[in-house]
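The file target_18.pdb comes next; it holds PDB, C-alpha atoms.
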ATOM      1  CA  MET Q 483       0.000   0.000   0.000
ATOM      2  CA  ARG Q 484       1.389   3.397  -0.991
ATOM      3  CA  ILE Q 485       0.801   6.422   1.179
ATOM      4  CA  ALA Q 486       1.556  10.015   0.166
ATOM      5  CA  PHE Q 487       2.488  11.927   3.308
ATOM      6  CA  VAL Q 488       2.104  15.681   2.844
ATOM      7  CA  VAL Q 489       4.360  17.551   5.247
ATOM      8  CA  ALA Q 490       4.843  21.311   5.234
ATOM      9  CA  ARG Q 491       7.936  23.337   6.087
ATOM     10  CA  ILE Q 492      10.509  20.557   5.799
ATOM     11  CA  GLY Q 493      13.874  21.824   6.976
ATOM     12  CA  ASN Q 494      12.505  24.428   9.386
ATOM     13  CA  GLU Q 495      14.358  23.534  12.548
ATOM     14  CA  ARG Q 496      11.812  25.267  14.759
ATOM     15  CA  ASN Q 497       8.945  23.211  13.423
ATOM     16  CA  VAL Q 498       8.270  20.242  15.659
ATOM     17  CA  ILE Q 499       5.409  18.963  13.503
ATOM     18  CA  GLN Q 500       7.637  18.308  10.510
ATOM     19  CA  LYS Q 501      10.168  16.529  12.747
ATOM     20  CA  LEU Q 502       7.456  14.313  14.211
ATOM     21  CA  SER Q 503       6.122  13.633  10.716
ATOM     22  CA  LEU Q 504       9.480  12.557   9.329
ATOM     23  CA  VAL Q 505      10.093  10.275  12.299
ATOM     24  CA  LEU Q 506       6.654   8.741  11.791
ATOM     25  CA  ALA Q 507       7.231   8.243   8.071
ATOM     26  CA  ASN Q 508      10.476   6.382   8.767
ATOM     27  CA  GLU Q 509       8.801   4.174  11.338
ATOM     28  CA  LEU Q 510       5.798   3.406   9.113
ATOM     29  CA  ASN Q 511       8.162   2.399   6.327
ATOM     30  CA  ARG Q 512       9.412  -0.430   8.527
ATOM     31  CA  HIS Q 513       6.115  -2.195   7.814
ATOM     32  CA  ASN Q 514       6.415  -4.423   4.790
ATOM     33  CA  ASP Q 515       2.879  -3.695   3.636
ATOM     34  CA  LEU Q 516       3.344   0.075   3.663
ATOM     35  CA  ASN Q 517       5.331   2.445   1.500
ATOM     36  CA  VAL Q 518       5.203   6.022   2.766
ATOM     37  CA  ASP Q 519       6.604   8.812   0.590
ATOM     38  CA  VAL Q 520       6.984  12.224   2.176
ATOM     39  CA  LEU Q 521       5.819  14.910  -0.254
ATOM     40  CA  PRO Q 522       7.261  18.215   0.911
ATOM     41  CA  PHE Q 523       5.369  20.631  -1.306
ATOM     42  CA  THR Q 524       6.635  24.178  -1.327
ATOM     43  CA  LYS Q 525       3.899  26.777  -1.851
ATOM     44  CA  LYS Q 526       5.038  27.252  -5.439
ATOM     45  CA  GLN Q 527       4.885  23.512  -6.164
ATOM     46  CA  MET Q 528       1.578  23.150  -4.378
ATOM     47  CA  PHE Q 529      -0.204  25.950  -6.252
ATOM     48  CA  ASN Q 530       0.866  24.425  -9.558
ATOM     49  CA  MET Q 531      -2.359  23.505 -11.410
ATOM     50  CA  PHE Q 532      -1.488  19.834 -11.524
ATOM     51  CA  SER Q 533       0.091  19.264  -8.148
ATOM     52  CA  TYR Q 534      -2.820  17.011  -7.154
ATOM     53  CA  ARG Q 535      -1.730  14.563  -9.839
ATOM     54  CA  LYS Q 536       1.165  13.550  -7.600
ATOM     55  CA  PHE Q 537      -1.344  11.515  -5.591
ATOM     56  CA  ARG Q 538      -2.353   9.452  -8.609
ATOM     57  CA  ASN Q 539      -0.149   6.472  -7.731
ATOM     58  CA  TYR Q 540      -0.996   6.367  -4.045
ATOM     59  CA  ASP Q 541      -3.721   4.550  -2.141
ATOM     60  CA  ALA Q 542      -4.231   7.249   0.481
ATOM     61  CA  VAL Q 543      -3.093  10.729   1.411
ATOM     62  CA  LEU Q 544      -1.794  11.347   4.913
ATOM     63  CA  ILE Q 545      -1.521  15.015   5.853
ATOM     64  CA  ALA Q 546       0.320  16.541   8.797
ATOM     65  CA  ASN Q 547      -1.843  19.272  10.306
ATOM     66  CA  ILE Q 548      -5.013  20.831   8.976
ATOM     67  CA  GLY Q 549      -3.356  23.839   7.443
ATOM     68  CA  LEU Q 550      -2.973  25.458   4.064
ATOM     69  CA  GLN Q 551      -1.877  22.303   2.242
ATOM     70  CA  CYS Q 552      -4.714  20.240   3.653
ATOM     71  CA  ALA Q 553      -7.233  22.930   2.698
ATOM     72  CA  TYR Q 554      -5.786  23.334  -0.789
ATOM     73  CA  PHE Q 555      -5.849  19.649  -1.682
ATOM     74  CA  SER Q 556      -9.299  19.370  -0.123
ATOM     75  CA  ILE Q 557     -10.563  21.721  -2.805
ATOM     76  CA  TRP Q 558      -9.295  19.347  -5.493
ATOM     77  CA  LYS Q 559     -10.867  16.425  -3.695
ATOM     78  CA  ARG Q 560     -14.175  18.283  -3.513
ATOM     79  CA  LEU Q 561     -13.910  18.887  -7.242
ATOM     80  CA  GLY Q 562     -13.506  15.159  -7.766
ATOM     81  CA  MET Q 563      -9.919  15.388  -8.976
ATOM     82  CA  ILE Q 564      -8.541  13.324  -6.089
ATOM     83  CA  ALA Q 565     -10.368  10.115  -5.276
ATOM     84  CA  LYS Q 566      -8.251   8.902  -2.366
ATOM     85  CA  PRO Q 567      -8.946   8.706   1.353
ATOM     86  CA  PHE Q 568      -7.610  11.712   3.263
ATOM     87  CA  ILE Q 569      -6.194  10.992   6.707
ATOM     88  CA  ALA Q 570      -5.111  14.068   8.633
ATOM     89  CA  ILE Q 571      -3.035  14.203  11.785
ATOM     90  CA  SER Q 572      -3.802  17.102  14.087
ATOM     91  CA  PHE Q 573      -1.108  18.122  16.535
ATOM     92  CA  GLY Q 574      -3.396  20.622  18.222
ATOM     93  CA  SER Q 575      -2.284  24.036  17.063
ATOM     94  CA  ASP Q 576      -4.653  23.800  14.101
ATOM     95  CA  ILE Q 577      -7.977  22.798  15.615
ATOM     96  CA  ARG Q 578      -7.378  24.563  18.932
ATOM     97  CA  ALA Q 579      -7.042  27.926  17.227
ATOM     98  CA  THR Q 580     -10.756  28.661  17.088
ATOM     99  CA  LYS Q 581     -10.196  32.438  17.035
ATOM    100  CA  ASN Q 582      -7.796  32.377  14.092
ATOM    101  CA  LYS Q 583      -9.876  33.245  11.015
ATOM    102  CA  LEU Q 584      -7.389  31.750   8.573
ATOM    103  CA  ILE Q 585      -7.216  28.439  10.408
ATOM    104  CA  ASN Q 586     -11.004  28.421  10.729
ATOM    105  CA  LEU Q 587     -11.186  28.795   6.962
ATOM    106  CA  PHE Q 588      -8.712  25.928   6.437
ATOM    107  CA  ASN Q 589     -10.773  23.787   8.795
ATOM    108  CA  ARG Q 590     -14.036  24.581   7.010
ATOM    109  CA  LEU Q 591     -12.552  23.799   3.616
ATOM    110  CA  SER Q 592     -10.947  20.525   4.563
ATOM    111  CA  LYS Q 593     -13.370  19.074   7.104
ATOM    112  CA  PRO Q 594     -15.800  17.430   4.631
ATOM    113  CA  THR Q 595     -12.946  15.723   2.793
ATOM    114  CA  ILE Q 596     -11.111  14.260   5.781
ATOM    115  CA  ASP Q 597     -12.056  10.614   6.099
ATOM    116  CA  LEU Q 598     -10.167  10.124   9.352
ATOM    117  CA  LEU Q 599      -8.719  12.635  11.792
ATOM    118  CA  ILE Q 600      -5.933  11.365  14.032
ATOM    119  CA  VAL Q 601      -5.300  13.535  17.098
ATOM    120  CA  VAL Q 602      -2.224  13.208  19.296
ATOM    121  CA  ASN Q 603      -3.673  14.751  22.452
ATOM    122  CA  PRO Q 604      -6.658  13.206  24.241
ATOM    123  CA  ASP Q 605      -8.473  16.514  24.778
ATOM    124  CA  LEU Q 606      -8.461  17.099  21.037
ATOM    125  CA  VAL Q 607     -11.071  14.373  20.540
ATOM    126  CA  GLU Q 608     -13.723  16.576  22.142
ATOM    127  CA  ILE Q 609     -12.425  19.717  20.459
ATOM    128  CA  ALA Q 610     -12.514  18.003  17.066
ATOM    129  CA  LYS Q 611     -16.047  16.705  17.716
ATOM    130  CA  ASN Q 612     -17.155  20.223  18.589
ATOM    131  CA  ARG Q 613     -15.628  21.391  15.335
ATOM    132  CA  GLY Q 614     -17.737  18.889  13.438
ATOM    133  CA  TYR Q 615     -15.255  16.137  12.613
ATOM    134  CA  ALA Q 616     -16.919  12.732  12.554
ATOM    135  CA  ASN Q 617     -14.281  10.028  12.416
ATOM    136  CA  ILE Q 618     -11.666  10.821  15.081
ATOM    137  CA  GLU Q 619      -9.023   8.574  16.611
ATOM    138  CA  TYR Q 620      -6.641   9.413  19.429
ATOM    139  CA  VAL Q 621      -3.083   8.123  19.147
ATOM    140  CA  PRO Q 622      -0.577   9.290  21.776
ATOM    141  CA  SER Q 623       2.236  11.519  20.595
ATOM    142  CA  TRP Q 624       5.516   9.835  19.649
ATOM    143  CA  GLY Q 625       7.475  12.895  20.797
ATOM    144  CA  SER Q 626       9.744  10.590  22.799
ATOM    145  CA  ALA Q 627      11.468   9.714  19.518
ATOM    146  CA  LEU Q 628      12.684  13.248  18.864
ATOM    147  CA  ASP Q 629      15.820  13.525  21.011
TER     148      ASP Q 629
ATOM    149  CA  MET O1173      18.669  23.954  42.208
ATOM    150  CA  LYS O1174      18.007  24.571  38.499
ATOM    151  CA  VAL O1175      14.445  24.920  37.271
ATOM    152  CA  LEU O1176      13.595  24.801  33.558
ATOM    153  CA  PHE O1177      10.719  26.059  31.428
ATOM    154  CA  ALA O1178      10.980  25.154  27.730
ATOM    155  CA  ALA O1179       8.094  26.164  25.493
ATOM    156  CA  ARG O1180       6.786  28.892  23.251
ATOM    157  CA  LEU O1181       6.256  32.077  25.223
ATOM    158  CA  VAL O1182       2.519  32.304  24.653
ATOM    159  CA  ASN O1183      -0.514  32.301  26.930
ATOM    160  CA  PHE O1184      -1.185  28.644  26.124
ATOM    161  CA  LYS O1185       2.119  27.743  27.855
ATOM    162  CA  ASP O1186       2.006  30.439  30.583
ATOM    163  CA  PRO O1187       5.647  31.479  31.080
ATOM    164  CA  VAL O1188       4.448  34.392  33.219
ATOM    165  CA  THR O1189       3.546  32.258  36.246
ATOM    166  CA  PHE O1190       6.970  30.623  35.992
ATOM    167  CA  ILE O1191       8.754  33.983  36.113
ATOM    168  CA  GLN O1192       6.517  35.257  38.900
ATOM    169  CA  ALA O1193       7.549  32.241  40.974
ATOM    170  CA  ALA O1194      11.208  32.728  40.018
ATOM    171  CA  ARG O1195      11.154  36.302  41.348
ATOM    172  CA  LYS O1196      10.268  34.956  44.766
ATOM    173  CA  LEU O1197      12.916  32.213  44.827
ATOM    174  CA  PRO O1198      16.210  34.064  44.322
ATOM    175  CA  SER O1199      18.338  31.188  45.582
ATOM    176  CA  TYR O1200      17.280  28.949  42.650
ATOM    177  CA  GLU O1201      18.299  29.299  39.001
ATOM    178  CA  PHE O1202      15.410  29.604  36.536
ATOM    179  CA  HIS O1203      15.957  29.038  32.822
ATOM    180  CA  VAL O1204      13.385  29.921  30.173
ATOM    181  CA  ALA O1205      14.038  28.404  26.738
ATOM    182  CA  GLY O1206      11.669  29.642  24.077
ATOM    183  CA  ASP O1207      10.445  32.605  22.140
ATOM    184  CA  GLY O1208       7.042  34.048  21.409
ATOM    185  CA  LYS O1209       4.788  37.038  21.688
ATOM    186  CA  LEU O1210       5.082  37.160  25.490
ATOM    187  CA  MET O1211       8.859  37.620  25.328
ATOM    188  CA  SER O1212       8.706  41.360  26.023
ATOM    189  CA  ASP O1213       6.385  40.792  29.011
ATOM    190  CA  CYS O1214       8.754  38.113  30.288
ATOM    191  CA  LYS O1215      11.750  40.426  29.890
ATOM    192  CA  LYS O1216       9.997  43.145  31.888
ATOM    193  CA  LEU O1217       9.092  40.685  34.644
ATOM    194  CA  ALA O1218      12.599  39.212  34.763
ATOM    195  CA  PHE O1219      14.417  42.552  34.648
ATOM    196  CA  GLY O1220      16.791  42.929  37.580
ATOM    197  CA  TYR O1221      16.529  39.300  38.695
ATOM    198  CA  GLU O1222      19.892  37.622  38.213
ATOM    199  CA  ASN O1223      18.501  34.149  38.863
ATOM    200  CA  ILE O1224      16.194  34.325  35.807
ATOM    201  CA  HIS O1225      17.766  33.508  32.441
ATOM    202  CA  LEU O1226      15.712  34.174  29.317
ATOM    203  CA  LEU O1227      17.476  32.206  26.608
ATOM    204  CA  GLY O1228      15.133  32.801  23.659
ATOM    205  CA  TRP O1229      14.650  30.065  21.095
ATOM    206  CA  VAL O1230      17.342  27.390  21.312
ATOM    207  CA  SER O1231      17.991  24.287  19.221
ATOM    208  CA  GLN O1232      16.907  20.833  20.323
ATOM    209  CA  ASN O1233      20.497  19.955  21.277
ATOM    210  CA  ILE O1234      20.631  22.854  23.703
ATOM    211  CA  VAL O1235      17.196  21.999  25.082
ATOM    212  CA  ASN O1236      18.556  18.517  25.739
ATOM    213  CA  ASP O1237      21.600  19.958  27.524
ATOM    214  CA  LEU O1238      19.365  22.216  29.612
ATOM    215  CA  MET O1239      17.155  19.254  30.367
ATOM    216  CA  ASN O1240      20.143  17.213  31.535
ATOM    217  CA  GLU O1241      21.322  20.017  33.798
ATOM    218  CA  ALA O1242      17.913  20.866  35.264
ATOM    219  CA  ASP O1243      16.669  19.478  38.565
ATOM    220  CA  VAL O1244      13.055  20.440  37.972
ATOM    221  CA  PHE O1245      11.026  20.937  34.809
ATOM    222  CA  CYS O1246       7.811  22.995  34.712
ATOM    223  CA  GLN O1247       4.916  22.431  32.295
ATOM    224  CA  LEU O1248       2.364  25.118  33.108
ATOM    225  CA  SER O1249      -0.295  25.375  30.428
ATOM    226  CA  PRO O1250      -3.621  26.632  31.772
ATOM    227  CA  ILE O1251      -5.391  24.556  29.097
ATOM    228  CA  GLU O1252      -3.621  21.271  28.282
ATOM    229  CA  ASN O1253      -0.177  19.749  28.763
ATOM    230  CA  LEU O1254      -0.603  16.391  27.037
ATOM    231  CA  TRP O1255       1.408  15.488  25.058
ATOM    232  CA  ALA O1256       3.681  18.467  24.731
ATOM    233  CA  THR O1257       6.981  17.390  23.200
ATOM    234  CA  THR O1258       8.930  19.101  25.983
ATOM    235  CA  LEU O1259       6.862  17.335  28.636
ATOM    236  CA  ILE O1260       7.634  13.974  27.044
ATOM    237  CA  SER O1261      11.283  14.954  26.751
ATOM    238  CA  ALA O1262      11.457  15.911  30.437
ATOM    239  CA  MET O1263       9.810  12.620  31.395
ATOM    240  CA  LYS O1264      12.276  10.737  29.243
ATOM    241  CA  HIS O1265      15.155  12.632  30.863
ATOM    242  CA  LYS O1266      13.899  11.446  34.273
ATOM    243  CA  LYS O1267      13.230  14.976  35.468
ATOM    244  CA  ALA O1268      11.067  15.881  38.402
ATOM    245  CA  ILE O1269       8.147  17.707  36.811
ATOM    246  CA  VAL O1270       5.716  20.291  38.122
ATOM    247  CA  CYS O1271       2.678  20.228  35.882
ATOM    248  CA  THR O1272      -0.616  22.100  35.902
ATOM    249  CA  ASP O1273      -3.688  20.009  36.610
ATOM    250  CA  VAL O1274      -5.639  20.850  33.464
ATOM    251  CA  GLY O1275      -7.253  19.089  30.518
ATOM    252  CA  CYS O1276      -6.702  15.336  30.493
ATOM    253  CA  VAL O1277      -3.487  15.350  32.560
ATOM    254  CA  ARG O1278      -5.055  13.574  35.526
ATOM    255  CA  GLN O1279      -6.283  10.711  33.330
ATOM    256  CA  TYR O1280      -2.685   9.773  32.591
ATOM    257  CA  LEU O1281      -0.314  11.259  35.147
ATOM    258  CA  VAL O1282      -0.705  10.678  38.884
ATOM    259  CA  ASP O1283       0.060  13.476  41.337
ATOM    260  CA  GLY O1284       3.015  12.498  43.517
ATOM    261  CA  GLN O1285       3.806   9.486  41.369
ATOM    262  CA  HIS O1286       4.714  10.813  37.927
ATOM    263  CA  VAL O1287       4.583  14.581  38.484
ATOM    264  CA  LEU O1288       3.556  17.167  41.059
ATOM    265  CA  LEU O1289       0.253  18.644  39.954
ATOM    266  CA  ILE O1290      -0.624  22.245  40.755
ATOM    267  CA  PRO O1291      -3.555  24.477  39.769
ATOM    268  CA  PRO O1292      -2.986  26.666  36.691
ATOM    269  CA  LYS O1293      -1.742  30.245  37.037
ATOM    270  CA  ASP O1294      -0.901  29.779  40.707
ATOM    271  CA  ASP O1295       2.648  30.970  41.413
ATOM    272  CA  ALA O1296       2.277  30.309  45.163
ATOM    273  CA  LYS O1297       1.533  26.629  44.521
ATOM    274  CA  LEU O1298       4.375  26.487  42.003
ATOM    275  CA  ILE O1299       6.780  27.885  44.598
ATOM    276  CA  HIS O1300       5.527  25.356  47.133
ATOM    277  CA  ALA O1301       6.045  22.481  44.654
ATOM    278  CA  ILE O1302       9.559  23.625  43.707
ATOM    279  CA  ILE O1303      10.591  23.883  47.358
ATOM    280  CA  LYS O1304       9.132  20.413  47.949
ATOM    281  CA  LEU O1305      11.413  19.136  45.181
ATOM    282  CA  GLU O1306      14.519  20.075  47.135
ATOM    283  CA  ASN O1307      14.085  16.515  48.319
ATOM    284  CA  ALA O1308      16.462  14.621  45.993
ATOM    285  CA  GLU O1309      14.813  11.272  46.684
ATOM    286  CA  LEU O1310      11.409  12.651  45.673
ATOM    287  CA  ARG O1311      12.948  14.046  42.477
ATOM    288  CA  ARG O1312      14.568  10.699  41.685
ATOM    289  CA  MET O1313      11.355   8.762  42.287
ATOM    290  CA  LEU O1314       9.220  11.097  40.146
ATOM    291  CA  GLY O1315      11.797  11.057  37.369
ATOM    292  CA  GLU O1316      12.049   7.265  37.313
ATOM    293  CA  ASN O1317       8.281   6.828  37.254
ATOM    294  CA  ALA O1318       7.827   9.433  34.526
ATOM    295  CA  CYS O1319      10.470   7.782  32.365
ATOM    296  CA  ASN O1320       8.905   4.368  32.873
ATOM    297  CA  PHE O1321       5.547   5.811  31.846
ATOM    298  CA  VAL O1322       7.009   7.111  28.572
ATOM    299  CA  GLU O1323       8.679   3.807  27.797
ATOM    300  CA  ALA O1324       5.466   1.890  28.494
ATOM    301  CA  ASN O1325       2.961   4.182  26.799
ATOM    302  CA  LEU O1326       4.536   6.677  24.445
ATOM    303  CA  SER O1327       7.008   4.745  22.355
ATOM    304  CA  LEU O1328       7.341   5.525  18.665
ATOM    305  CA  GLY O1329       6.873   1.856  17.780
ATOM    306  CA  GLU O1330       3.496   1.570  19.513
ATOM    307  CA  CYS O1331       2.183   4.891  18.222
ATOM    308  CA  ALA O1332       3.277   4.096  14.662
ATOM    309  CA  GLU O1333       1.739   0.624  14.900
ATOM    310  CA  ARG O1334      -1.614   2.176  15.836
ATOM    311  CA  ILE O1335      -1.392   4.645  12.951
ATOM    312  CA  HIS O1336      -0.435   1.799  10.635
ATOM    313  CA  GLU O1337      -3.601  -0.075  11.649
ATOM    314  CA  LEU O1338      -5.711   3.030  11.086
ATOM    315  CA  LEU O1339      -4.195   3.631   7.652
ATOM    316  CA  ILE O1340      -4.922   0.069   6.589
ATOM    317  CA  ARG O1341      -8.467   0.217   7.972
ATOM    318  CA  GLU O1342      -9.249   3.522   6.316
ATOM    319  CA  THR O1343      -7.743   2.601   2.970
ATOM    320  CA  GLU O1344      -9.441  -0.757   2.753
ATOM    321  CA  SER O1345     -12.870   0.436   3.904
TER     322      SER O1345
END
Hey, can you dump this file as structure tokens for me?
Amino acid sequence: MRIAFVVARIGNERNVIQKLSLVLANELNRHNDLNVDVLPFTKKQMFNMFSYRKFRNYDAVLIANIGLQCAYFSIWKRLGMIAKPFIAISFGSDIRATKNKLINLFNRLSKPTIDLLIVVNPDLVEIAKNRGYANIEYVPSWGSALD
Amino acid sequence: MKVLFAARLVNFKDPVTFIQAARKLPSYEFHVAGDGKLMSDCKKLAFGYENIHLLGWVSQNIVNDLMNEADVFCQLSPIENLWATTLISAMKHKKAIVCTDVGCVRQYLVDGQHVLLIPPKDDAKLIHAIIKLENAELRRMLGENACNFVEANLSLGECAERIHELLIRETES
């Protein structure tokens, strides 16, 4: 099974989410039945008209954080151009930020297209439910692998 | 004794209570590693206090060094502490942790066993907890238990295995 893992801001040392995502991708690739490719779209690459075609050869799209990239590809999925399950991992900063208009917009755009939302903090299950997400699973954070 | 706070300097992490406590404990060293929009407030609060060290953003290697040197780690969010990466790191480093009793913390971490729990935004209780942790045996016991908790419940292998199962389930459904 091939998984496209969309991770933003690769190389930004301050960004813990991308570090956690890369560690997860490596660990998932240890499974024989899984092949996870990290797709580090820059904004320029992402806004290319045909960027969604990169998902063509994958069985599912895994997305770190419900941010700009998740919202953007959700539009293509809504338009029927991507027919793959979307699995998003929320690390909290996205769905907690209920007063941030931009993040609210990203959430609204992507919510209907996310088939499964994985949250890494237990309190996020309730927060995600209140935000209207239906299929939510809690998995503890693997932050212990970062040192 | 060295006390560490490592997080973004934002209301969600509450560095202010940490510095307020530090002002009243001049015989201890307080290190704040992190940057954020509360930095200027923190600088004003820490001004003139030689025991408070505002380090700004530092790399993970330096956070690890600070963690190794610290006797006590503080995780003080008024909203939720689970599973902050720095909290997990402190647990893994066998640090004695003072943690606010908010969100789902109590479902996972036991007061006096894994951490010392205090109410949020309460510098008096934070001071009390830090003084209590002068007891080296208490620090050792909390640190050992916290580390064991991480090894038993928060390993990369287990978390990735669960995500692997979910990916398979979702893709095949």
### Task
With a distance threshold of 9 Å and counting all atoms listed in the file, extract the residues of chain Q near chain O and express them as number ranges by chain.
Q: 483, 485, 495-496, 498, 505-507, 509-510, 513, 516, 541-542, 544, 566-569, 597-598, 600, 602-605, 619, 621-629
List the residues selected by the PyMOL selection byres ((chain O and resi 1246) around 6) in the file shown, writing them as a PDB file with C-alpha atoms, in the frame of the given file.
ATOM      1  CA  PHE O1177      10.719  26.059  31.428  1.00  0.00           C
ATOM      2  CA  PHE O1245      11.026  20.937  34.809  1.00  0.00           C
ATOM      3  CA  GLN O1247       4.916  22.431  32.295  1.00  0.00           C
ATOM      4  CA  ILE O1269       8.147  17.707  36.811  1.00  0.00           C
ATOM      5  CA  VAL O1270       5.716  20.291  38.122  1.00  0.00           C
ATOM      6  CA  CYS O1271       2.678  20.228  35.882  1.00  0.00           C
TER       7      CYS O1271
END
### Task
Identify the residues around (-7.4, 23.2, -1.8) within a radius of 12 Å, measuring from only C-alpha atoms in the coordinates stated by the file, and give them as a ChimeraX atom specification.
/Q:525,528-534,548-564,587-593,595
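Interatomic distance, CA of Gly1315 (chain O) to CA of Ala1268 (chain O): 5.0 Å.
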### Task
Give me, please, the distance in Å between CA of Asn582 (chain Q) and CA of Gly1208 (chain O), quoted to one decimal.
16.6 Å
### Task
Tell me which residues the PyMOL selection byres ((chain O and resi 1178-1185) around 7) grabs here, as a PyMOL selection string.
chain O and resi 1176-1177+1186-1187+1204-1211+1248-1251+1258
### Query
Written as number ranges by chain, what is the full residue list that the PyMOL selection byres ((chain O and resi 1295-1304) around 12) yields on the file shown?
O: 1173-1176, 1186-1202, 1243-1248, 1268-1273, 1283-1284, 1287-1294, 1305-1311
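Across the structure, CA of Lys501 (chain Q) and CA of Val489 (chain Q) are spaced 9.5 Å apart.
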Starting from 3 Å padding per side, set up an axis-aligned box that covers all listed atoms of region 501-519 of chain Q and hand over centre and edge lengths in Å, one decimal, as AutoDock Vina command-line options.
--center_x 6.7 --center_y 6.1 --center_z 7.4 --size_x 13.6 --size_y 27.0 --size_z 19.6
### Message
Using all atoms listed in the file for the distances, tell me which of O:Arg1341, O:His1203, O:Lys1216, O:Asn1223 is nearest to Glu1241 (chain O).
### Response
O:His1203
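Take the candidates O:Leu1314, O:Asp1213, O:Leu1227, O:Asp1237 and check each one against His1286 (chain O) using only C-alpha atoms; the shortest distance goes to O:Leu1314.
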Would you kindly place N, CA and C atoms on region 584-599 of chain Q and return the model as a PDB file, in the frame of the given file?
ATOM      1  N   LEU Q 584      -8.006  32.503   9.671  1.00  0.00           N
ATOM      2  CA  LEU Q 584      -7.389  31.750   8.573  1.00  0.00           C
ATOM      3  C   LEU Q 584      -7.479  30.245   8.849  1.00  0.00           C
ATOM      4  N   ILE Q 585      -7.159  29.862  10.068  1.00  0.00           N
ATOM      5  CA  ILE Q 585      -7.216  28.439  10.408  1.00  0.00           C
ATOM      6  C   ILE Q 585      -8.669  27.948  10.395  1.00  0.00           C
ATOM      7  N   ASN Q 586      -9.584  28.786  10.816  1.00  0.00           N
ATOM      8  CA  ASN Q 586     -11.004  28.421  10.729  1.00  0.00           C
ATOM      9  C   ASN Q 586     -11.403  28.150   9.283  1.00  0.00           C
ATOM     10  N   LEU Q 587     -10.879  28.976   8.393  1.00  0.00           N
ATOM     11  CA  LEU Q 587     -11.186  28.795   6.962  1.00  0.00           C
ATOM     12  C   LEU Q 587     -10.599  27.464   6.472  1.00  0.00           C
ATOM     13  N   PHE Q 588      -9.341  27.198   6.837  1.00  0.00           N
ATOM     14  CA  PHE Q 588      -8.712  25.928   6.437  1.00  0.00           C
ATOM     15  C   PHE Q 588      -9.534  24.748   6.962  1.00  0.00           C
ATOM     16  N   ASN Q 589      -9.966  24.860   8.194  1.00  0.00           N
ATOM     17  CA  ASN Q 589     -10.773  23.787   8.795  1.00  0.00           C
ATOM     18  C   ASN Q 589     -12.081  23.577   8.022  1.00  0.00           C
ATOM     19  N   ARG Q 590     -12.741  24.682   7.711  1.00  0.00           N
ATOM     20  CA  ARG Q 590     -14.036  24.581   7.010  1.00  0.00           C
ATOM     21  C   ARG Q 590     -13.861  23.943   5.645  1.00  0.00           C
ATOM     22  N   LEU Q 591     -12.789  24.335   4.958  1.00  0.00           N
ATOM     23  CA  LEU Q 591     -12.552  23.799   3.616  1.00  0.00           C
ATOM     24  C   LEU Q 591     -12.253  22.305   3.655  1.00  0.00           C
ATOM     25  N   SER Q 592     -11.436  21.909   4.600  1.00  0.00           N
ATOM     26  CA  SER Q 592     -10.947  20.525   4.563  1.00  0.00           C
ATOM     27  C   SER Q 592     -11.827  19.525   5.307  1.00  0.00           C
ATOM     28  N   LYS Q 593     -12.603  19.998   6.245  1.00  0.00           N
ATOM     29  CA  LYS Q 593     -13.370  19.074   7.104  1.00  0.00           C
ATOM     30  C   LYS Q 593     -14.196  18.032   6.327  1.00  0.00           C
ATOM     31  N   PRO Q 594     -14.965  18.440   5.316  1.00  0.00           N
ATOM     32  CA  PRO Q 594     -15.800  17.430   4.631  1.00  0.00           C
ATOM     33  C   PRO Q 594     -14.991  16.379   3.885  1.00  0.00           C
ATOM     34  N   THR Q 595     -13.730  16.662   3.611  1.00  0.00           N
ATOM     35  CA  THR Q 595     -12.946  15.723   2.793  1.00  0.00           C
ATOM     36  C   THR Q 595     -12.070  14.805   3.639  1.00  0.00           C
ATOM     37  N   ILE Q 596     -11.987  15.083   4.928  1.00  0.00           N
ATOM     38  CA  ILE Q 596     -11.111  14.260   5.781  1.00  0.00           C
ATOM     39  C   ILE Q 596     -11.864  13.012   6.226  1.00  0.00           C
ATOM     40  N   ASP Q 597     -11.373  11.871   5.789  1.00  0.00           N
ATOM     41  CA  ASP Q 597     -12.056  10.614   6.099  1.00  0.00           C
ATOM     42  C   ASP Q 597     -11.731  10.153   7.510  1.00  0.00           C
ATOM     43  N   LEU Q 598     -10.552  10.489   7.985  1.00  0.00           N
ATOM     44  CA  LEU Q 598     -10.167  10.124   9.352  1.00  0.00           C
ATOM     45  C   LEU Q 598      -9.266  11.227   9.900  1.00  0.00           C
ATOM     46  N   LEU Q 599      -9.577  11.645  11.125  1.00  0.00           N
ATOM     47  CA  LEU Q 599      -8.719  12.635  11.792  1.00  0.00           C
ATOM     48  C   LEU Q 599      -8.035  11.946  12.970  1.00  0.00           C
TER      49      LEU Q 599
END
